[in-house]
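S.K.: Quick one: the structure is below, and I'll ask about it shortly.
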Amino acid sequence: MFFFRFLIRRVLYVIPMIFVVTLIVFSLILLIPGDPVLVLLGENATAEKVAQLKQQLGLDKPIIVQYFYWLTNAIQGDLGRSIFTSELVSEVVFQRLLVTLQLVIAAMIIAITVGIFLAIMSVYYFNTWIDYFVRLISTLGIAVPHFLFAMILVILFSLKLNWLPATGFTSIAESPSSFLQEIALPAFSLSIGGIALITRHLRSALLEALDADYIRTAYSKGASRWQALFKHGLQNAMLPVVTTIGLLFGNTLGATVVIESIFAIPGMGQLAVGAILQRDFTMVQGVVLVMFVMVIVINLITDIVYALLDPRIEY
C-alpha cells in the first residue's frame with residue numbers, strides 16, 4: 001500500500017516535468033537561426049510564396065497557438081512532418097530510436113559488467129598494483145572524451161589490426177554475428193565513461209561497506225574476504241550504484257550524437273545532427289522530445305527499482 005502511494009506520487013511528479021520539457025522543446029523554433037521558410041524557398045522567394053508556406057506550416061499563428069496545436073498532436077503521437085522530406089517525424093524517429101537503443105543497451109551492458117568487475121578487483125587487491133591500475137583506468141575514462149577514445153579504437157582495431165569494421169550497422173534481429181562485430185567499437189567507445197563512473201562509485205561503496213559492523217561479524221564467523229565481499233558487501237554497495245546507472249543512461253543517450261556520427265550509425269544522434277544542419281526544426285523537435293522523455297522515464301524506473309531494492313526507503 002505504501003509502495004503504491006510512492007509509485008503514484010512519483011508518476012504525478014513526472015507529468016509536470018514532461019510539460020516543462022515540451023515547452024523547452026517547442027522553444028527550439030525560436031532558437032534556430034534564420035527563417036526555416038526562407039531556407040526552403042531560398043532568399044529570393046517572393047513575399048506571397050513565403051506567406052503561403054507559413055500558412056501551410058502554421059507559422060503564421062501566434063506562438064502560444066502553435067504550441068498548443070503542436071502539444072495536442074504530440075500527445076496523440078503526431079510529431080508533424082519533416083520540412084525537407086515530408087516524412088512523418090514519429091515514424092522516422094521510431095526507426096532511428098530502435099538503432100540507438102541497441103547501441104545504448106550494448107554500451108550499458110559493457111559499462112555495468114566491466115565496471116563491477118574492476119571495482120571488485122580493486123577492492124579485493126586493495127593498495128596493490130591492481131588497485132592502482134584500476135584507479136588509473138577510471139581516471140582516464142573520465143578525462144578522455146568519447147570521440148577521442150573512439151578514434152583511437154578505430155586506428156588500432158580497424159586500420160592497424162583490421163579486426164573490426166569502422167563503420168556500418170546491422171540490427172541484431174537481422175544478423176546477431178554482424179551486429180556484434182559492427183557494434184563492438186562504438187559500444188565500447190560509448191561505455192568508457194560509464195565504466196569509469198561505475199568503477200569509482202562501486203569501489204568507494206565497497207570500501208565503506210567492508211568497514212561496517214556486519215562485515216566484522218561475518219569475519220568473526222569465519223567468512224573469507226571473498227565471501228564477505230560478495231555475500232555481504234556487494235549487495236549493500238550496489239544500492240547507490242543503481243542511481244548512478246540510471247543517470248548514466250541519460251548521459252550515454254546524449255553521447256550517441258557524436259559516436260553515431262563517427263561510426264556512421266543511422267540512429268537518433270545522426271538524425272539530430274542532420275536535422276540541425278538542415279534547419280529541419282520539426283525533426284529536431286521530435287528527436288529532442290523523445291530523448292527528453294526517455295531520460296525522464298528511465299529516472300522514474302531508477303527511483304522505483306531503488307525503492308524496491310532498499311526497504312529502508314520511506315515511501
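By order in the C-alpha cells, chains are A, B, ...; within a chain, residues start at 1; ligands start at 1, following the order shown.
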Could you give me, as CSV, every range 259-302 of chain A residue with an atom at most 10 Å from range 167-190 of chain A, plus its closest atom pair and distance in Å to one decimal, counting only C-alpha atoms, rows ordered by chain then number?
M.R.:
residue,atom,partner,partner_atom,distance
A:Ile259,CA,A:Pro186,CA,6.4
A:Glu260,CA,A:Pro186,CA,7.6
A:Ser261,CA,A:Thr167,CA,9.7
A:Ile262,CA,A:Thr167,CA,7.9
A:Phe263,CA,A:Thr167,CA,4.6
A:Ala264,CA,A:Thr167,CA,5.5
A:Ile265,CA,A:Phe169,CA,5.8
A:Pro266,CA,A:Phe169,CA,7.5
A:Gly267,CA,A:Phe169,CA,9.5
S.K.: Next, dump the selected residues to file, keeping only C-alpha atoms, as a compact mmCIF listing (two decimals), in the first residue's frame.
M.R.:
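Contents of out24.txt, freshly written:
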# COMPACT_ATOMS: atom_id res chain seq x y z
CA ILE A 259 29.57 8.35 -31.61
CA GLU A 260 26.93 7.67 -34.27
CA SER A 261 28.42 10.38 -36.48
CA ILE A 262 31.93 8.89 -36.15
CA PHE A 263 30.88 5.30 -36.90
CA ALA A 264 28.13 6.19 -39.45
CA ILE A 265 25.38 4.54 -37.42
CA PRO A 266 21.88 5.58 -38.61
CA GLY A 267 20.46 6.34 -35.16
S.K.: I'd like the neighbourhood of Arg96 in chain A as a list in words, where a residue qualifies if any of its atoms comes within 7 Å (using only C-alpha atoms), though same-chain residues fewer than 3 positions away should be ignored.
M.R.: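 My reading of the contact set: Val92, Val93, Val99, Thr100, Pro266, Gly267 and Met268 of chain A.
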S.K.: Could you dump the residues just selected with C-alpha atoms as a CSV table (one decimal), in the first residue's frame?
M.R.:
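The resulting file, out.csv, is shown below:
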chain,number,residue,atom,x,y,z
A,92,VAL,CA,11.5,8.3,-38.7
A,93,VAL,CA,12.3,8.9,-35.0
A,99,VAL,CA,19.0,1.6,-33.7
A,100,THR,CA,20.1,3.9,-30.9
A,266,PRO,CA,21.9,5.6,-38.6
A,267,GLY,CA,20.5,6.3,-35.2
A,268,MET,CA,18.9,9.2,-33.3
S.K.: Can you list, as a list in words, every protein, DNA or RNA residue that comes within 9 Å of Leu71 in chain A when you count only C-alpha atoms, leaving out same-chain residues fewer than 4 positions away?
M.R.: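 Neighbouring residues, sequence-local ones excluded: Thr22, Leu23, Phe26, Gln66, Tyr67, Ile75, Gln76 and Leu79 of chain A.
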S.K.: Using only C-alpha atoms for the distances, tell me which of A:Asn299, A:Ser158, A:Gln285, A:Ser122 is nearest to Ile83 in chain A.
M.R.: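 That would be A:Gln285, the residue with the smallest distance to Ile83 in chain A.
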S.K.: Using only C-alpha atoms, determine which residues lie at most 12 Å from Val297 in chain A, disregarding the query and same-chain residues fewer than 5 positions distant; provide the list as a PyMOL selection string.
M.R.: chain A and resi 10-11+13-15+17-18+246-247+249-250+290-292+302-304
S.K.: Going by DSSP on the backbone, which bits of range 74-260 of chain A are helix (DSSP H, G or I)? Write them as a PyMOL selection string, please.
M.R.: chain A and resi 74-75+89-124+129-143+146-160+176-210+213-220+225-260
